[in-house]
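This is work20.cif. It holds mmCIF, C-alpha atoms and all ligand atoms.
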data_protein
loop_
_atom_site.label_atom_id
_atom_site.label_comp_id
_atom_site.auth_asym_id
_atom_site.auth_seq_id
_atom_site.Cartn_x
_atom_site.Cartn_y
_atom_site.Cartn_z
CA MET A 1 80.55 -45.74 -8.94
CA ALA A 2 83.95 -44.81 -7.50
CA THR A 3 85.10 -46.90 -4.55
CA TYR A 4 86.62 -45.35 -1.45
CA PRO A 5 88.66 -46.64 1.48
CA GLY A 6 85.73 -45.76 3.78
CA LYS A 7 82.16 -47.07 3.89
CA PHE A 8 78.91 -45.18 3.61
CA ILE A 9 76.04 -46.55 5.74
CA VAL A 10 72.54 -45.02 5.80
CA LEU A 11 69.86 -45.64 8.44
CA ASP A 12 66.43 -44.72 7.14
CA GLY A 13 62.74 -45.43 7.67
CA PRO A 14 59.40 -43.96 8.69
CA GLU A 15 58.86 -41.53 11.59
CA GLY A 16 59.71 -42.56 15.13
CA ALA A 17 61.62 -45.74 14.26
CA GLY A 18 64.53 -44.70 16.49
CA LYS A 19 67.01 -43.89 13.70
CA THR A 20 68.76 -41.10 15.52
CA THR A 21 69.41 -43.21 18.62
CA GLN A 22 70.58 -46.12 16.48
CA VAL A 23 72.93 -43.90 14.43
CA GLU A 24 74.61 -42.82 17.69
CA ARG A 25 74.82 -46.39 18.97
CA LEU A 26 76.27 -47.67 15.72
CA VAL A 27 78.97 -45.01 15.60
CA HIS A 28 79.81 -45.74 19.23
CA ARG A 29 80.04 -49.46 18.51
CA LEU A 30 82.21 -48.98 15.41
CA ARG A 31 84.61 -46.78 17.39
CA ARG A 32 84.77 -49.35 20.17
CA ASP A 33 85.74 -51.88 17.50
CA GLY A 34 88.64 -49.64 16.51
CA ARG A 35 87.16 -48.04 13.40
CA GLN A 36 87.06 -44.34 12.69
CA ALA A 37 83.41 -43.42 12.26
CA THR A 38 81.34 -40.26 12.04
CA ALA A 39 77.61 -39.49 12.10
CA VAL A 40 75.77 -37.06 9.81
CA ARG A 41 72.10 -36.20 9.41
CA ASP A 42 70.27 -35.53 6.16
CA PRO A 43 69.15 -32.82 5.68
CA GLY A 44 71.79 -31.02 7.73
CA SER A 45 75.32 -31.32 9.10
CA THR A 46 76.80 -28.38 7.13
CA PRO A 47 75.92 -24.69 7.63
CA VAL A 48 74.13 -24.52 4.25
CA SER A 49 72.36 -27.85 4.71
CA GLU A 50 71.12 -26.90 8.19
CA ARG A 51 69.65 -23.67 6.75
CA ILE A 52 67.88 -25.69 4.04
CA ARG A 53 66.62 -28.07 6.77
CA ASP A 54 65.06 -25.11 8.61
CA ILE A 55 63.07 -24.19 5.47
CA LEU A 56 61.99 -27.78 4.84
CA LEU A 57 60.71 -28.36 8.38
CA ASP A 58 59.18 -24.89 8.92
CA LYS A 59 55.53 -25.23 9.95
CA ARG A 60 54.82 -21.71 8.65
CA LEU A 61 55.38 -23.05 5.10
CA PRO A 62 52.73 -25.81 4.96
CA ASP A 63 52.06 -25.77 1.21
CA MET A 64 55.40 -26.60 -0.33
CA ASP A 65 55.14 -28.44 -3.65
CA ALA A 66 56.66 -31.95 -3.56
CA ARG A 67 59.05 -31.03 -6.41
CA THR A 68 60.29 -28.01 -4.48
CA GLU A 69 60.92 -30.33 -1.54
CA VAL A 70 62.85 -32.72 -3.79
CA PHE A 71 65.19 -30.01 -5.02
CA LEU A 72 65.76 -28.59 -1.54
CA TYR A 73 66.60 -32.03 -0.13
CA MET A 74 68.92 -32.66 -3.07
CA ALA A 75 70.62 -29.26 -2.64
CA SER A 76 71.25 -30.01 1.02
CA ARG A 77 72.63 -33.43 0.04
CA ALA A 78 74.95 -32.05 -2.66
CA GLU A 79 76.53 -29.85 -0.02
CA MET A 80 76.80 -32.70 2.53
CA VAL A 81 78.44 -35.02 0.03
CA ALA A 82 80.92 -32.40 -1.19
CA ARG A 83 81.85 -31.03 2.24
CA ILE A 84 81.66 -34.00 4.59
CA ILE A 85 80.75 -37.42 3.24
CA ARG A 86 83.10 -37.80 0.28
CA PRO A 87 86.14 -36.30 2.07
CA ALA A 88 85.49 -38.64 5.03
CA LEU A 89 85.20 -41.71 2.77
CA GLU A 90 88.41 -40.73 0.99
CA VAL A 91 90.37 -40.94 4.24
CA GLY A 92 88.80 -44.25 5.27
CA LEU A 93 86.06 -43.30 7.73
CA VAL A 94 82.78 -45.15 8.14
CA VAL A 95 80.11 -42.49 7.59
CA VAL A 96 76.75 -43.26 9.24
CA CYS A 97 74.00 -41.07 7.82
CA ASP A 98 70.55 -40.46 9.32
CA ARG A 99 68.35 -40.62 6.14
CA PHE A 100 69.45 -40.09 2.51
CA VAL A 101 68.06 -40.24 -1.08
CA SER A 102 65.92 -43.21 -0.02
CA SER A 103 63.88 -40.80 2.15
CA THR A 104 63.12 -38.53 -0.79
CA VAL A 105 62.04 -41.57 -2.82
CA ALA A 106 59.71 -42.69 0.02
CA TYR A 107 58.32 -39.29 1.12
CA GLN A 108 58.23 -37.09 -1.97
CA GLY A 109 58.04 -40.07 -4.38
CA ALA A 110 55.96 -42.96 -3.03
CA ALA A 111 53.84 -40.67 -0.81
CA GLY A 112 54.15 -37.29 -2.57
CA GLY A 113 53.61 -38.50 -6.13
CA VAL A 114 56.91 -37.44 -7.77
CA ASP A 115 58.25 -40.09 -10.16
CA THR A 116 60.58 -42.31 -8.13
CA ALA A 117 62.94 -43.11 -11.05
CA LEU A 118 63.40 -39.38 -11.52
CA ILE A 119 64.24 -38.94 -7.82
CA TRP A 120 66.88 -41.71 -7.92
CA GLU A 121 68.37 -39.98 -10.98
CA LEU A 122 68.37 -36.56 -9.31
CA GLY A 123 70.04 -38.21 -6.32
CA ARG A 124 72.85 -39.47 -8.53
CA ILE A 125 73.31 -35.97 -9.94
CA ALA A 126 73.23 -34.25 -6.53
CA CYS A 127 75.68 -36.75 -5.02
CA ALA A 128 77.92 -36.86 -8.11
CA GLY A 129 77.43 -40.63 -8.33
CA LEU A 130 78.08 -41.41 -4.66
CA GLU A 131 75.73 -44.10 -3.31
CA PRO A 132 75.48 -45.79 0.09
CA ASP A 133 77.25 -49.13 0.53
CA LEU A 134 74.25 -50.18 2.63
CA THR A 135 70.89 -48.65 3.61
CA VAL A 136 69.25 -50.15 6.70
CA ILE A 137 65.50 -49.52 6.84
CA LEU A 138 64.17 -49.42 10.41
CA ASP A 139 60.60 -50.53 9.85
CA LEU A 140 57.77 -49.66 12.23
CA ASP A 141 53.97 -49.47 12.24
CA VAL A 142 52.92 -45.90 11.32
CA GLU A 143 50.76 -45.17 14.38
CA ALA A 144 53.38 -46.53 16.76
CA GLY A 145 56.05 -44.37 15.10
CA LEU A 146 54.05 -41.14 15.15
CA ALA A 147 53.02 -41.73 18.77
CA ARG A 148 56.63 -42.36 19.78
CA ARG A 149 57.69 -39.14 18.02
CA GLU A 150 54.96 -37.11 19.65
CA ARG A 151 56.09 -38.15 23.11
CA GLU A 152 59.49 -36.61 22.30
CA ARG A 153 58.43 -33.29 20.69
CA PRO A 154 55.60 -31.64 18.68
CA ARG A 155 55.17 -32.82 15.05
CA ASP A 156 57.10 -30.82 12.41
CA ARG A 157 55.73 -29.82 8.99
CA ILE A 158 56.20 -33.22 7.37
CA GLU A 159 55.21 -35.30 10.40
CA SER A 160 51.91 -33.37 10.51
CA LYS A 161 50.79 -34.82 7.18
CA GLN A 162 47.93 -37.34 7.12
CA ARG A 163 48.28 -40.90 8.31
CA ALA A 164 47.66 -42.18 4.75
CA TYR A 165 50.74 -40.23 3.62
CA HIS A 166 52.88 -41.97 6.23
CA GLU A 167 51.48 -45.39 5.24
CA LYS A 168 52.66 -44.72 1.69
CA VAL A 169 56.05 -43.65 3.03
CA ARG A 170 56.40 -46.95 4.90
CA ARG A 171 55.33 -48.99 1.87
CA GLY A 172 57.76 -46.97 -0.28
CA PHE A 173 60.69 -47.93 1.95
CA LEU A 174 59.70 -51.61 2.00
CA ALA A 175 59.27 -51.64 -1.79
CA MET A 176 62.75 -50.26 -2.49
CA ALA A 177 64.29 -52.76 -0.07
CA ARG A 178 62.49 -55.60 -1.87
CA GLU A 179 63.61 -54.33 -5.29
CA ARG A 180 67.27 -53.87 -4.31
CA PRO A 181 68.04 -56.55 -1.71
CA GLN A 182 71.82 -56.26 -2.23
CA GLU A 183 71.85 -52.62 -1.16
CA PHE A 184 69.19 -52.69 1.57
CA ALA A 185 68.48 -54.46 4.85
CA VAL A 186 65.17 -54.23 6.75
CA VAL A 187 65.16 -54.35 10.54
CA ASP A 188 62.00 -54.62 12.68
CA ALA A 189 62.22 -51.49 14.85
CA SER A 190 59.25 -52.35 17.10
CA ARG A 191 61.52 -54.43 19.36
CA PRO A 192 63.73 -53.33 22.29
CA LEU A 193 66.59 -50.99 21.37
CA ASP A 194 69.32 -53.57 22.05
CA GLU A 195 67.80 -56.14 19.68
CA VAL A 196 67.38 -53.56 16.94
CA ALA A 197 70.99 -52.40 17.45
CA ARG A 198 72.26 -55.98 17.22
CA ASP A 199 70.52 -56.56 13.87
CA ILE A 200 71.86 -53.28 12.48
CA GLU A 201 75.39 -54.21 13.57
CA GLU A 202 75.07 -57.61 11.89
CA ALA A 203 73.94 -56.05 8.60
CA VAL A 204 76.73 -53.47 8.74
CA ALA A 205 79.37 -56.10 9.58
CA ARG A 206 78.60 -57.87 6.29
CA VAL A 207 79.47 -54.69 4.39
CA LEU A 208 82.59 -53.90 6.43
CA ARG A 209 84.15 -57.32 5.95
P1 LIG B 301 64.03 -36.68 10.62
O1 LIG B 301 62.83 -37.48 11.02
O2 LIG B 301 65.18 -37.53 10.25
O3 LIG B 301 64.34 -35.56 11.56
O4 LIG B 301 63.64 -36.01 9.19
C1 LIG B 301 62.97 -34.82 9.10
C2 LIG B 301 61.70 -34.91 8.27
O5 LIG B 301 61.99 -34.72 6.88
C3 LIG B 301 60.96 -36.21 8.39
O6 LIG B 301 59.58 -35.92 8.57
C4 LIG B 301 61.16 -36.86 7.06
C5 LIG B 301 61.34 -35.71 6.11
N1 LIG B 301 62.16 -35.99 4.93
C6 LIG B 301 61.55 -36.00 3.67
O7 LIG B 301 60.35 -35.77 3.55
N2 LIG B 301 62.34 -36.23 2.57
C7 LIG B 301 63.69 -36.44 2.66
O8 LIG B 301 64.36 -36.63 1.64
C8 LIG B 301 64.29 -36.44 3.98
C9 LIG B 301 65.76 -36.68 4.13
C10 LIG B 301 63.50 -36.21 5.07
#
Render the structure in this file as structure tokens.
Ligand code: TMP
Amino acid sequence: MATYPGKFIVLDGPEGAGKTTQVERLVHRLRRDGRQATAVRDPGSTPVSERIRDILLDKRLPDMDARTEVFLYMASRAEMVARIIRPALEVGLVVVCDRFVSSTVAYQGAAGGVDTALIWELGRIACAGLEPDLTVILDLDVEAGLARRERERPRDRIESKQRAYHEKVRRGFLAMARERPQEFAVVDASRPLDEVARDIEEAVARVLR
């Protein structure tokens, strides 16, 4: 894999783990420490990727095949990498991304039944070899996560899937972190926001050194 002056950090995990809040906090913290940092969300962040996101999360399309989902997520990602992430890494930014290929492996792979090795490979193709320097998994009990989400807004197409699906998602994330400990960190997201943020910052600091 090519190396860049910047660093690519992903926050990922099951529903309602507080990723979006923690992405914002991390970027804020990095900037306070004098680093140039930017936040992106997957799928999304470019005009094309946001349009793909609308299709993926549309409740009027409940029966999408898991392979179709894989290719749509990867298409969104190809665009994000080409337009935003790689150019930002080339000029030395820290890019903090809300979800990435790890989500497709957990949702469409571990829970949806698509071969996970194939998804990792498709990820390499879509991202032209770009991989995160670190993926932090914010781990949370499934019921607690879905309940937290529901207090914020109604469930979208993927959140509406069965509880068993989300249990497989969670186990999928934990399995990949166990298999690739150099590239992943797991943080217990059931604790107060400040404690979770501190653990994320510690994991990220090891990569930025
Ligand atoms: P969000 O929770 O980050 O807004 O993500 C939107 C939904 O899309 C969420 O239910 C997880 C799902 N998702 C997948 O199923 N596969 C993927 O590859 C990604 C990035 C998200």
Next on the checklist: So that I can check the surroundings of Gly18 of chain A, please list as a list of chain:residue names every protein, DNA and RNA residue that reaches within 9 Å of it, counting only C-alpha atoms and ignoring chain neighbours fewer than 2 positions away.
Outcome noted: A:Glu15, A:Gly16, A:Thr20, A:Thr21, A:Gln22, A:Val23, A:Leu138, A:Gly145, A:Arg148, A:Arg149, A:Ala189, A:Leu193
Next on the checklist: I'd like the neighbourhood of Asp199 of chain A as a list in words, where a residue qualifies if any of its atoms comes within 12 Å (using all atoms listed in the file), though same-chain residues fewer than 3 positions away should be ignored.
Outcome noted: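 That gives Gln22, Leu26, Val136, Ile137, Leu138, Ala185, Val186, Val187, Asp188, Ala189, Arg191, Pro192, Leu193, Asp194, Glu195, Val196, Glu202, Ala203, Val204, Ala205 and Arg206 of chain A.
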Item to check | Surrounding residues of Ala78 of chain A excluding itself and chain neighbours under 2 positions, 8 Å, only C-alpha atoms, as a PyMOL selection string | outcome: chain A and resi 74-76+80-82+126-128
Next on the checklist: As an exercise, work out the distance from atom CA of Asp156 of chain A to atom C2 of ligand LIG 301 (chain B) in Å and give it to one decimal place.
Outcome noted: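 So the answer is 7.4 Å.
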Item to check | Nearby residues, ligand LIG 301 (chain B), 6 Å, only C-alpha atoms and all ligand atoms, as a count of residues only | outcome: 12
If the box runs along x, y and z of the file and leaves 5 Å on each side of segment 4-16 of chain A, what are its centre and edge lengths in Å, one decimal, as JSON?
{"center_x": 73.8, "center_y": -44.3, "center_z": 6.8, "size_x": 39.8, "size_y": 15.5, "size_z": 26.6}
Checklist entry - Restricting the calculation to all atoms listed in the file, which member of A:Leu130, A:Leu56, A:Leu140, A:Leu118 is positioned closest to Glu90 of chain A? => result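 Using all atoms listed in the file, Glu90 of chain A sits closest to A:Leu130.
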Checklist entry - Do you have the atom CA of Glu131 of chain A-atom CA of Arg25 of chain A distance handy? => result 22.4 Å
Closest pair table for segment 31-104 of chain A residues within 9 Å of segment 1-7 of chain A, only C-alpha atoms, as a tab-separated table:
residue	atom	partner	partner_atom	distance
A:Arg86	CA	A:Tyr4	CA	8.5
A:Ala88	CA	A:Gly6	CA	7.2
A:Leu89	CA	A:Gly6	CA	4.2
A:Glu90	CA	A:Tyr4	CA	5.5
A:Val91	CA	A:Pro5	CA	6.6
A:Gly92	CA	A:Gly6	CA	3.7
A:Leu93	CA	A:Gly6	CA	4.7
A:Val94	CA	A:Lys7	CA	4.7
A:Val95	CA	A:Lys7	CA	6.2
A:Val96	CA	A:Lys7	CA	8.5
Could the residues in this selection be written to a file with C-alpha atoms, as a short mmCIF file (atom, residue, chain, number, x, y, z; two decimals), keeping the file's coordinate frame?
data_model
loop_
_atom_site.label_atom_id
_atom_site.label_comp_id
_atom_site.auth_asym_id
_atom_site.auth_seq_id
_atom_site.Cartn_x
_atom_site.Cartn_y
_atom_site.Cartn_z
CA ARG A 86 83.10 -37.80 0.28
CA ALA A 88 85.49 -38.64 5.03
CA LEU A 89 85.20 -41.71 2.77
CA GLU A 90 88.41 -40.73 0.99
CA VAL A 91 90.37 -40.94 4.24
CA GLY A 92 88.80 -44.25 5.27
CA LEU A 93 86.06 -43.30 7.73
CA VAL A 94 82.78 -45.15 8.14
CA VAL A 95 80.11 -42.49 7.59
CA VAL A 96 76.75 -43.26 9.24
#
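Restricting the calculation to only C-alpha atoms, the smallest distance between Arg180 of chain A and any of A:Val114, A:Ala147, A:Leu134, A:Ile52 is found for A:Leu134.
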